[in-house]
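Visitor: Dropping in target.csv, with CSV, C-alpha atoms.
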```
chain,number,residue,atom,x,y,z
A,1,MET,CA,22.3,35.0,-241.2
A,2,ILE,CA,24.9,37.2,-239.6
A,3,ARG,CA,26.4,34.6,-237.3
A,4,TYR,CA,28.7,31.6,-237.4
A,5,VAL,CA,27.3,28.4,-239.0
A,6,ALA,CA,29.1,25.2,-238.4
A,7,GLY,CA,30.1,23.5,-241.6
A,8,ASP,CA,32.9,21.8,-243.5
A,9,THR,CA,33.1,23.9,-246.7
A,10,PRO,CA,36.4,24.9,-248.2
A,11,VAL,CA,36.1,28.4,-246.7
A,12,HIS,CA,35.4,26.9,-243.3
A,13,ARG,CA,38.7,25.1,-243.4
A,14,LEU,CA,40.8,28.2,-244.2
A,15,ASP,CA,42.9,30.0,-241.6
A,16,PRO,CA,41.0,33.2,-240.4
A,17,ARG,CA,44.1,35.3,-241.2
A,18,THR,CA,43.9,34.1,-244.8
A,19,LYS,CA,40.2,35.0,-245.0
A,20,LEU,CA,40.8,38.4,-243.6
A,21,PHE,CA,43.5,39.0,-246.1
A,22,VAL,CA,41.3,38.0,-249.0
A,23,GLN,CA,38.5,40.1,-247.7
A,24,ALA,CA,40.7,43.2,-247.5
A,25,ALA,CA,42.1,42.5,-251.0
A,26,VAL,CA,38.5,42.3,-252.4
A,27,ALA,CA,37.7,45.6,-250.7
A,28,VAL,CA,40.7,47.3,-252.3
A,29,ALA,CA,39.9,45.9,-255.7
A,30,ALA,CA,36.3,47.0,-255.3
A,31,PHE,CA,37.4,50.6,-254.7
A,32,ALA,CA,40.0,50.5,-257.4
A,33,HIS,CA,37.7,49.2,-260.2
A,34,THR,CA,34.4,51.1,-260.1
A,35,THR,CA,33.5,50.5,-263.8
A,36,PRO,CA,30.6,48.1,-264.8
A,37,ARG,CA,33.2,45.7,-266.2
A,38,GLY,CA,35.2,45.7,-263.0
A,39,LEU,CA,32.2,45.2,-260.8
A,40,ALA,CA,30.9,42.4,-263.1
A,41,LEU,CA,34.2,40.5,-262.5
A,42,LEU,CA,33.9,41.1,-258.8
A,43,THR,CA,30.3,39.9,-258.9
A,44,ALA,CA,31.5,36.6,-260.4
A,45,PHE,CA,34.2,36.3,-257.7
A,46,VAL,CA,31.8,37.1,-254.9
A,47,ALA,CA,29.3,34.6,-256.2
A,48,GLY,CA,32.0,32.0,-256.2
A,49,VAL,CA,33.0,32.9,-252.6
A,50,CYS,CA,29.4,32.6,-251.5
A,51,TRP,CA,29.0,29.2,-253.2
A,52,LEU,CA,32.2,27.9,-251.6
A,53,ALA,CA,31.1,29.2,-248.2
A,54,ALA,CA,27.5,27.8,-248.6
A,55,THR,CA,26.2,31.3,-248.0
A,56,PRO,CA,22.8,31.9,-249.6
A,57,VAL,CA,22.8,35.3,-251.4
A,58,LEU,CA,19.2,36.2,-251.1
A,59,ALA,CA,18.9,35.3,-247.5
A,60,SER,CA,22.1,37.3,-246.8
A,61,LEU,CA,20.7,40.3,-248.5
A,62,ARG,CA,17.5,40.0,-246.4
A,63,SER,CA,19.6,40.3,-243.3
A,64,TYR,CA,20.7,43.7,-244.5
A,65,ARG,CA,17.2,44.9,-245.6
A,66,ALA,CA,17.3,47.7,-243.1
A,67,PHE,CA,20.3,49.2,-244.8
A,68,LEU,CA,19.4,48.5,-248.5
A,69,PRO,CA,16.9,51.4,-248.8
A,70,PHE,CA,19.8,53.8,-248.0
A,71,LEU,CA,21.8,52.3,-250.8
A,72,VAL,CA,18.9,52.8,-253.2
A,73,ALA,CA,18.2,56.3,-252.0
A,74,GLY,CA,21.7,57.5,-252.9
A,75,PRO,CA,21.3,57.1,-256.7
A,76,ALA,CA,17.7,58.3,-256.6
A,77,VAL,CA,18.6,61.5,-254.8
A,78,GLU,CA,21.6,62.1,-257.0
A,79,GLY,CA,19.7,61.7,-260.2
A,80,ALA,CA,16.7,63.7,-259.1
A,81,THR,CA,16.3,67.4,-260.3
A,82,LEU,CA,14.0,70.2,-259.3
A,83,GLY,CA,12.7,70.7,-262.8
A,84,ALA,CA,12.2,68.9,-266.1
A,85,PRO,CA,13.3,66.1,-266.8
A,86,TRP,CA,13.0,65.5,-263.0
A,87,PHE,CA,15.5,62.6,-263.2
A,88,VAL,CA,18.8,62.4,-265.0
A,89,PRO,CA,19.9,58.7,-265.3
A,90,ALA,CA,23.5,59.6,-266.1
A,91,ASP,CA,23.9,61.4,-262.8
A,92,ALA,CA,22.7,58.3,-260.9
A,93,VAL,CA,25.1,55.8,-262.6
A,94,ALA,CA,28.1,56.5,-260.4
A,95,PRO,CA,26.2,56.4,-257.1
A,96,ALA,CA,24.5,53.2,-258.2
A,97,LEU,CA,27.8,51.6,-258.9
A,98,ALA,CA,29.1,52.7,-255.5
A,99,SER,CA,26.0,51.2,-253.8
A,100,TYR,CA,26.4,48.0,-255.7
A,101,ARG,CA,30.0,47.8,-254.6
A,102,VAL,CA,28.9,48.0,-251.0
A,103,VAL,CA,26.4,45.1,-251.5
A,104,LEU,CA,29.3,43.0,-252.8
A,105,LEU,CA,31.4,43.8,-249.8
A,106,LEU,CA,28.5,43.0,-247.5
A,107,LEU,CA,28.2,39.5,-249.1
A,108,VAL,CA,31.9,38.8,-248.7
A,109,SER,CA,31.7,39.9,-245.0
A,110,THR,CA,28.7,37.6,-244.5
A,111,ALA,CA,30.6,34.7,-245.9
A,112,TYR,CA,33.4,35.4,-243.5
A,113,ILE,CA,31.2,35.6,-240.5
A,114,ARG,CA,29.3,32.5,-241.4
A,115,THR,CA,32.5,30.4,-241.8
A,116,THR,CA,34.7,31.8,-238.9
A,117,ARG,CA,34.2,31.2,-235.2
A,118,VAL,CA,34.3,34.3,-233.0
A,119,ARG,CA,37.3,33.0,-231.0
A,120,GLU,CA,39.2,32.4,-234.3
A,121,SER,CA,38.5,36.0,-235.4
A,122,ARG,CA,39.7,37.3,-232.1
A,123,ALA,CA,42.9,35.2,-232.3
A,124,ALA,CA,43.6,36.5,-235.9
A,125,ILE,CA,43.1,40.1,-234.8
A,126,GLN,CA,45.4,39.8,-231.8
A,127,TRP,CA,48.0,38.1,-234.1
A,128,LEU,CA,47.8,41.0,-236.6
A,129,LEU,CA,47.9,43.6,-233.8
A,130,PRO,CA,50.1,42.5,-230.9
A,131,GLY,CA,49.9,43.9,-227.4
A,132,ARG,CA,47.1,45.5,-225.5
A,133,PRO,CA,45.5,47.3,-228.5
A,134,GLY,CA,45.1,44.0,-230.3
A,135,VAL,CA,43.5,42.5,-227.2
A,136,VAL,CA,41.0,45.4,-226.9
A,137,LEU,CA,40.2,45.3,-230.6
A,138,GLY,CA,39.8,41.5,-230.6
A,139,ALA,CA,37.6,41.5,-227.6
A,140,GLY,CA,35.5,44.3,-229.1
A,141,VAL,CA,35.0,42.4,-232.3
A,142,GLY,CA,34.1,39.3,-230.4
A,143,PHE,CA,31.5,41.1,-228.3
A,144,VAL,CA,29.9,42.7,-231.4
A,145,LEU,CA,29.7,39.4,-233.3
A,146,ARG,CA,28.1,37.7,-230.3
A,147,PHE,CA,25.8,40.6,-229.3
A,148,LEU,CA,24.3,41.7,-232.7
A,149,PRO,CA,22.5,38.4,-233.5
A,150,VAL,CA,20.9,38.5,-230.0
A,151,LEU,CA,19.7,42.1,-230.5
A,152,ARG,CA,18.3,41.2,-233.9
A,153,ASP,CA,16.4,38.3,-232.4
A,154,ASP,CA,15.1,40.6,-229.7
A,155,LEU,CA,13.7,43.0,-232.3
A,156,SER,CA,12.1,40.2,-234.2
A,157,THR,CA,10.5,38.9,-231.0
A,158,ILE,CA,9.2,42.5,-230.3
A,159,ARG,CA,7.7,42.7,-233.8
A,160,GLN,CA,6.0,39.3,-233.5
A,161,ALA,CA,4.5,40.2,-230.1
A,162,MET,CA,3.2,43.5,-231.4
A,163,ASP,CA,1.6,41.8,-234.5
A,164,ALA,CA,0.0,39.3,-232.2
A,165,ARG,CA,-1.6,42.2,-230.3
A,166,LEU,CA,-2.9,43.8,-233.5
A,167,GLY,CA,0.0,46.2,-233.5
A,168,SER,CA,-0.3,46.4,-237.3
A,169,GLU,CA,-3.5,48.3,-236.9
A,170,ARG,CA,-1.6,51.2,-235.3
A,171,SER,CA,-0.1,54.1,-237.2
A,172,LEU,CA,3.4,53.8,-238.6
A,173,ARG,CA,4.7,56.4,-236.2
A,174,GLU,CA,3.2,54.6,-233.2
A,175,ARG,CA,4.7,51.2,-234.4
A,176,ILE,CA,8.2,52.8,-234.8
A,177,ARG,CA,7.9,54.4,-231.3
A,178,LEU,CA,6.9,51.1,-229.7
A,179,ILE,CA,9.6,49.1,-231.4
A,180,GLY,CA,12.3,51.7,-230.8
A,181,VAL,CA,11.5,52.2,-227.1
A,182,THR,CA,11.1,48.5,-226.4
A,183,GLY,CA,14.2,47.7,-228.4
A,184,LEU,CA,16.3,50.2,-226.5
A,185,ARG,CA,15.1,48.9,-223.2
A,186,ARG,CA,16.1,45.4,-224.3
A,187,VAL,CA,19.5,46.7,-225.3
A,188,PHE,CA,20.2,48.2,-221.9
A,189,VAL,CA,19.0,45.1,-220.1
A,190,ARG,CA,21.2,42.9,-222.3
A,191,ALA,CA,24.2,45.2,-221.8
A,192,ASP,CA,23.8,45.0,-218.0
A,193,ARG,CA,23.5,41.2,-218.1
A,194,PHE,CA,26.5,41.0,-220.4
A,195,ALA,CA,28.6,43.1,-218.1
A,196,LEU,CA,27.6,40.9,-215.1
A,197,ALA,CA,28.4,37.7,-217.0
A,198,LEU,CA,31.9,39.1,-217.8
A,199,GLN,CA,32.5,39.8,-214.2
A,200,ALA,CA,31.2,36.4,-213.1
A,201,ARG,CA,33.5,34.7,-215.5
A,202,CYS,CA,36.5,36.8,-214.5
A,203,PHE,CA,37.1,38.3,-217.9
A,204,ALA,CA,40.8,38.4,-218.5
A,205,TRP,CA,43.1,40.2,-220.9
A,206,ASN,CA,45.0,37.0,-221.8
A,207,PRO,CA,42.3,34.4,-222.6
A,208,THR,CA,43.3,31.0,-224.0
A,209,LEU,CA,42.6,31.4,-227.7
A,210,PRO,CA,42.7,28.7,-230.4
A,211,GLU,CA,46.0,28.1,-232.0
A,212,LEU,CA,46.1,29.3,-235.6
A,213,ASP,CA,47.6,26.7,-237.9
A,214,PRO,CA,47.5,27.4,-241.7
A,215,THR,CA,47.5,24.5,-244.1
A,216,TRP,CA,48.1,23.9,-247.7
A,217,ARG,CA,44.6,25.0,-248.4
A,218,ASP,CA,45.5,28.5,-247.5
A,219,TRP,CA,48.0,28.9,-250.3
A,220,PRO,CA,45.5,29.1,-253.2
A,221,ALA,CA,43.4,31.6,-251.2
A,222,LEU,CA,46.5,33.7,-250.5
A,223,LEU,CA,47.3,33.7,-254.2
A,224,VAL,CA,43.8,34.8,-255.0
A,225,GLY,CA,44.2,37.7,-252.5
A,226,VAL,CA,47.5,38.7,-254.0
A,227,GLY,CA,46.0,38.5,-257.5
A,228,ALA,CA,43.2,40.8,-256.3
A,229,LEU,CA,45.6,43.3,-255.0
A,230,ALA,CA,47.7,43.2,-258.2
A,231,TRP,CA,44.6,43.7,-260.2
A,232,ALA,CA,43.7,46.7,-258.0
A,233,VAL,CA,47.1,48.3,-258.5
A,234,TRP,CA,47.2,47.5,-262.2
```
Could you render the structure as structure tokens?
Guide:
Amino acid sequence: MIRYVAGDTPVHRLDPRTKLFVQAAVAVAAFAHTTPRGLALLTAFVAGVCWLAATPVLASLRSYRAFLPFLVAGPAVEGATLGAPWFVPADAVAPALASYRVVLLLLVSTAYIRTTRVRESRAAIQWLLPGRPGVVLGAGVGFVLRFLPVLRDDLSTIRQAMDARLGSERSLRERIRLIGVTGLRRVFVRADRFALALQARCFAWNPTLPELDPTWRDWPALLVGVGALAWAVW
């Protein structure tokens, strides 16, 4: 799920700079409005973004299943007490709202990644941050977006291979050790091959990136971003 998917949705056709601006505006609004009412409005907005971007919500959340337990653990730990009544729901409300806010931001980020090519993201970052720093940041973002799906597929392959060899019969500690060690070995191998591929392709600091050309479709999205920022300030 955390990779670009070709399509022709309204969000696909937006300029990447517009999408970055809207994403930042949503983040500011999410941190400014932490009440249940404010998060309910943001939920409706995020659901609309996912629908326009053809981003399935449940499948996107499954992509982050490794991080979701930490979001659940925060409210649970905050509400727990050492004595009776053992759990105070009122103490867990604020952390729960904060965790839910993170989930909304993850969904918006997923919609952006699924609708924006890596080269377009790099071009937008280098436009926003000119000079060598922008080139470094843009290249780094491009490498991460290309590398993470590959590493995720490697971990999935390792788990499938272990299950095929009755790895599920081993203890949890042993399974974690096998997946961790094999996964790290794959990471280093991938990194070495990646560095060699960059050298073979004469990696340059001034690559030819796609030309960014905003259209009339970006104006409504920009107004939405401005509205989100105004709502955050208000």
Visitor: Looking at only C-alpha atoms, which of A:Trp231, A:Phe31, A:Phe143, A:Phe67 is the one that sits closest to Leu198 (chain A)?
Guide: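 Closest to Leu198 (chain A), using only C-alpha atoms: A:Phe143.
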Visitor: Could you name the residues that touch Leu97 (chain A) at 7 Å or less, counting all atoms listed in the file, but leaving out those on the same chain fewer than 4 positions away, as a PDB file with C-alpha atoms, in the frame of the given file?
Guide:
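For reference, result03.pdb as written:
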```pdb
ATOM      1  CA  THR A  34      34.400  51.100-260.100  1.00  0.00           C
ATOM      2  CA  VAL A  93      25.100  55.800-262.600  1.00  0.00           C
ATOM      3  CA  ARG A 101      30.000  47.800-254.600  1.00  0.00           C
TER       4      ARG A 101
END
```
Visitor: I'd like the contact shell of Val141 (chain A) - 12 Å cut-off, only C-alpha atoms, skipping same-chain residues fewer than 2 positions apart - returned as a compact mmCIF listing (two decimals) with C-alpha atoms, in the coordinates of the input.
Guide:
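Heads up, here's the output in part07.txt:
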```txt
# COMPACT_ATOMS: atom_id res chain seq x y z
CA ILE A 113 31.20 35.60 -240.50
CA ARG A 117 34.20 31.20 -235.20
CA VAL A 118 34.30 34.30 -233.00
CA ARG A 119 37.30 33.00 -231.00
CA GLU A 120 39.20 32.40 -234.30
CA SER A 121 38.50 36.00 -235.40
CA ARG A 122 39.70 37.30 -232.10
CA ALA A 123 42.90 35.20 -232.30
CA ALA A 124 43.60 36.50 -235.90
CA ILE A 125 43.10 40.10 -234.80
CA GLN A 126 45.40 39.80 -231.80
CA GLY A 134 45.10 44.00 -230.30
CA VAL A 135 43.50 42.50 -227.20
CA VAL A 136 41.00 45.40 -226.90
CA LEU A 137 40.20 45.30 -230.60
CA GLY A 138 39.80 41.50 -230.60
CA ALA A 139 37.60 41.50 -227.60
CA PHE A 143 31.50 41.10 -228.30
CA VAL A 144 29.90 42.70 -231.40
CA LEU A 145 29.70 39.40 -233.30
CA ARG A 146 28.10 37.70 -230.30
CA PHE A 147 25.80 40.60 -229.30
CA LEU A 148 24.30 41.70 -232.70
```
Visitor: Could you check the closest approach to Ala25 (chain A) for each of A:Thr182, A:Glu78, A:Val108, A:Thr9 and tell me which residue wins, using only C-alpha atoms?
Guide: A:Val108
Visitor: What's the separation between CA of Glu169 (chain A) and CA of Ser156 (chain A), in Å to one decimal place?
Guide: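 Straight-line distance from CA of Glu169 (chain A) to CA of Ser156 (chain A) works out to 17.8 Å.
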Visitor: I need the residue nearest Asp15 (chain A) from this list: A:Leu212, A:Ile2, A:Val224, A:Ala47. Use all atoms listed in the file for the distance.
Guide: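 Among the listed residues, A:Leu212 lies closest to Asp15 (chain A).
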Visitor: For Trp219 (chain A), which residue out of A:Ile176, A:Ala6, A:Val22, A:Leu196 is the nearest one, using all atoms listed in the file?
Guide: A:Val22
Visitor: Please return, as a PyMOL selection string, all polymer residues that have at least one atom within 10 Å of the point (29.4, 53.5, -256.4); use only C-alpha atoms and the file's own coordinate frame.
Guide: chain A and resi 30-31+34-35+39+71+74-75+92-102
Visitor: Kindly indicate which residue among A:Leu41, A:Leu52, A:Val103, A:Val26 lies nearest to Arg65 (chain A), using all atoms listed in the file for the distances.
Guide: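 Result for the nearest residue to Arg65 (chain A): A:Val103.
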Visitor: Hey, can you check how far CA of Gly131 (chain A) sits from CA of Pro214 (chain A)?
Guide: 22.0 Å
Visitor: Please indicate the distance in Å from CA of Thr43 (chain A) to CA of Leu104 (chain A), rounded to one decimal place.
Guide: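 So the two atoms, CA of Thr43 (chain A) and CA of Leu104 (chain A), lie 6.9 Å apart.
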Visitor: Could I see region 29-52 of chain A restored to N, CA and C atoms, set down as a PDB file, in the frame of the given file?
Guide:
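This went into part05.pdb:
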```
ATOM      1  N   ALA A  29      40.213  46.010-254.285  1.00  0.00           N
ATOM      2  CA  ALA A  29      39.900  45.900-255.700  1.00  0.00           C
ATOM      3  C   ALA A  29      38.546  46.516-256.028  1.00  0.00           C
ATOM      4  N   ALA A  30      37.587  46.417-255.100  1.00  0.00           N
ATOM      5  CA  ALA A  30      36.300  47.000-255.300  1.00  0.00           C
ATOM      6  C   ALA A  30      36.364  48.535-255.422  1.00  0.00           C
ATOM      7  N   PHE A  31      37.220  49.142-254.614  1.00  0.00           N
ATOM      8  CA  PHE A  31      37.400  50.600-254.700  1.00  0.00           C
ATOM      9  C   PHE A  31      38.256  51.049-255.805  1.00  0.00           C
ATOM     10  N   ALA A  32      39.091  50.151-256.304  1.00  0.00           N
ATOM     11  CA  ALA A  32      40.000  50.500-257.400  1.00  0.00           C
ATOM     12  C   ALA A  32      39.269  50.381-258.766  1.00  0.00           C
ATOM     13  N   HIS A  33      38.361  49.415-258.888  1.00  0.00           N
ATOM     14  CA  HIS A  33      37.700  49.200-260.200  1.00  0.00           C
ATOM     15  C   HIS A  33      36.181  49.437-259.955  1.00  0.00           C
ATOM     16  N   THR A  34      35.775  50.635-260.316  1.00  0.00           N
ATOM     17  CA  THR A  34      34.400  51.100-260.100  1.00  0.00           C
ATOM     18  C   THR A  34      33.600  51.056-261.434  1.00  0.00           C
ATOM     19  N   THR A  35      34.169  50.556-262.506  1.00  0.00           N
ATOM     20  CA  THR A  35      33.500  50.500-263.800  1.00  0.00           C
ATOM     21  C   THR A  35      32.524  49.300-263.803  1.00  0.00           C
ATOM     22  N   PRO A  36      31.523  49.313-264.682  1.00  0.00           N
ATOM     23  CA  PRO A  36      30.600  48.100-264.800  1.00  0.00           C
ATOM     24  C   PRO A  36      31.372  46.855-265.086  1.00  0.00           C
ATOM     25  N   ARG A  37      32.403  46.921-265.900  1.00  0.00           N
ATOM     26  CA  ARG A  37      33.200  45.700-266.200  1.00  0.00           C
ATOM     27  C   ARG A  37      33.889  45.174-264.986  1.00  0.00           C
ATOM     28  N   GLY A  38      34.529  46.084-264.236  1.00  0.00           N
ATOM     29  CA  GLY A  38      35.200  45.700-263.000  1.00  0.00           C
ATOM     30  C   GLY A  38      34.304  45.075-262.001  1.00  0.00           C
ATOM     31  N   LEU A  39      33.138  45.714-261.810  1.00  0.00           N
ATOM     32  CA  LEU A  39      32.200  45.200-260.800  1.00  0.00           C
ATOM     33  C   LEU A  39      31.554  43.894-261.300  1.00  0.00           C
ATOM     34  N   ALA A  40      31.450  43.705-262.613  1.00  0.00           N
ATOM     35  CA  ALA A  40      30.900  42.400-263.100  1.00  0.00           C
ATOM     36  C   ALA A  40      31.900  41.289-262.776  1.00  0.00           C
ATOM     37  N   LEU A  41      33.212  41.540-262.918  1.00  0.00           N
ATOM     38  CA  LEU A  41      34.200  40.500-262.500  1.00  0.00           C
ATOM     39  C   LEU A  41      34.153  40.256-261.043  1.00  0.00           C
ATOM     40  N   LEU A  42      34.007  41.322-260.245  1.00  0.00           N
ATOM     41  CA  LEU A  42      33.900  41.100-258.800  1.00  0.00           C
ATOM     42  C   LEU A  42      32.632  40.382-258.417  1.00  0.00           C
ATOM     43  N   THR A  43      31.564  40.619-259.170  1.00  0.00           N
ATOM     44  CA  THR A  43      30.300  39.900-258.900  1.00  0.00           C
ATOM     45  C   THR A  43      30.514  38.400-259.084  1.00  0.00           C
ATOM     46  N   ALA A  44      31.197  38.018-260.162  1.00  0.00           N
ATOM     47  CA  ALA A  44      31.500  36.600-260.400  1.00  0.00           C
ATOM     48  C   ALA A  44      32.323  36.019-259.262  1.00  0.00           C
ATOM     49  N   PHE A  45      33.312  36.801-258.814  1.00  0.00           N
ATOM     50  CA  PHE A  45      34.200  36.300-257.700  1.00  0.00           C
ATOM     51  C   PHE A  45      33.394  36.167-256.433  1.00  0.00           C
ATOM     52  N   VAL A  46      32.577  37.172-256.098  1.00  0.00           N
ATOM     53  CA  VAL A  46      31.800  37.100-254.900  1.00  0.00           C
ATOM     54  C   VAL A  46      30.794  35.963-254.910  1.00  0.00           C
ATOM     55  N   ALA A  47      30.198  35.726-256.079  1.00  0.00           N
ATOM     56  CA  ALA A  47      29.300  34.600-256.200  1.00  0.00           C
ATOM     57  C   ALA A  47      30.002  33.277-255.959  1.00  0.00           C
ATOM     58  N   GLY A  48      31.237  33.178-256.448  1.00  0.00           N
ATOM     59  CA  GLY A  48      32.000  32.000-256.200  1.00  0.00           C
ATOM     60  C   GLY A  48      32.353  31.812-254.717  1.00  0.00           C
ATOM     61  N   VAL A  49      32.687  32.916-254.048  1.00  0.00           N
ATOM     62  CA  VAL A  49      33.000  32.900-252.600  1.00  0.00           C
ATOM     63  C   VAL A  49      31.747  32.396-251.832  1.00  0.00           C
ATOM     64  N   CYS A  50      30.588  32.970-252.154  1.00  0.00           N
ATOM     65  CA  CYS A  50      29.400  32.600-251.500  1.00  0.00           C
ATOM     66  C   CYS A  50      29.027  31.115-251.700  1.00  0.00           C
ATOM     67  N   TRP A  51      29.297  30.640-252.904  1.00  0.00           N
ATOM     68  CA  TRP A  51      29.000  29.200-253.200  1.00  0.00           C
ATOM     69  C   TRP A  51      29.970  28.318-252.427  1.00  0.00           C
ATOM     70  N   LEU A  52      31.252  28.678-252.370  1.00  0.00           N
ATOM     71  CA  LEU A  52      32.200  27.900-251.600  1.00  0.00           C
ATOM     72  C   LEU A  52      31.948  27.917-250.119  1.00  0.00           C
TER      73      LEU A  52
END
```
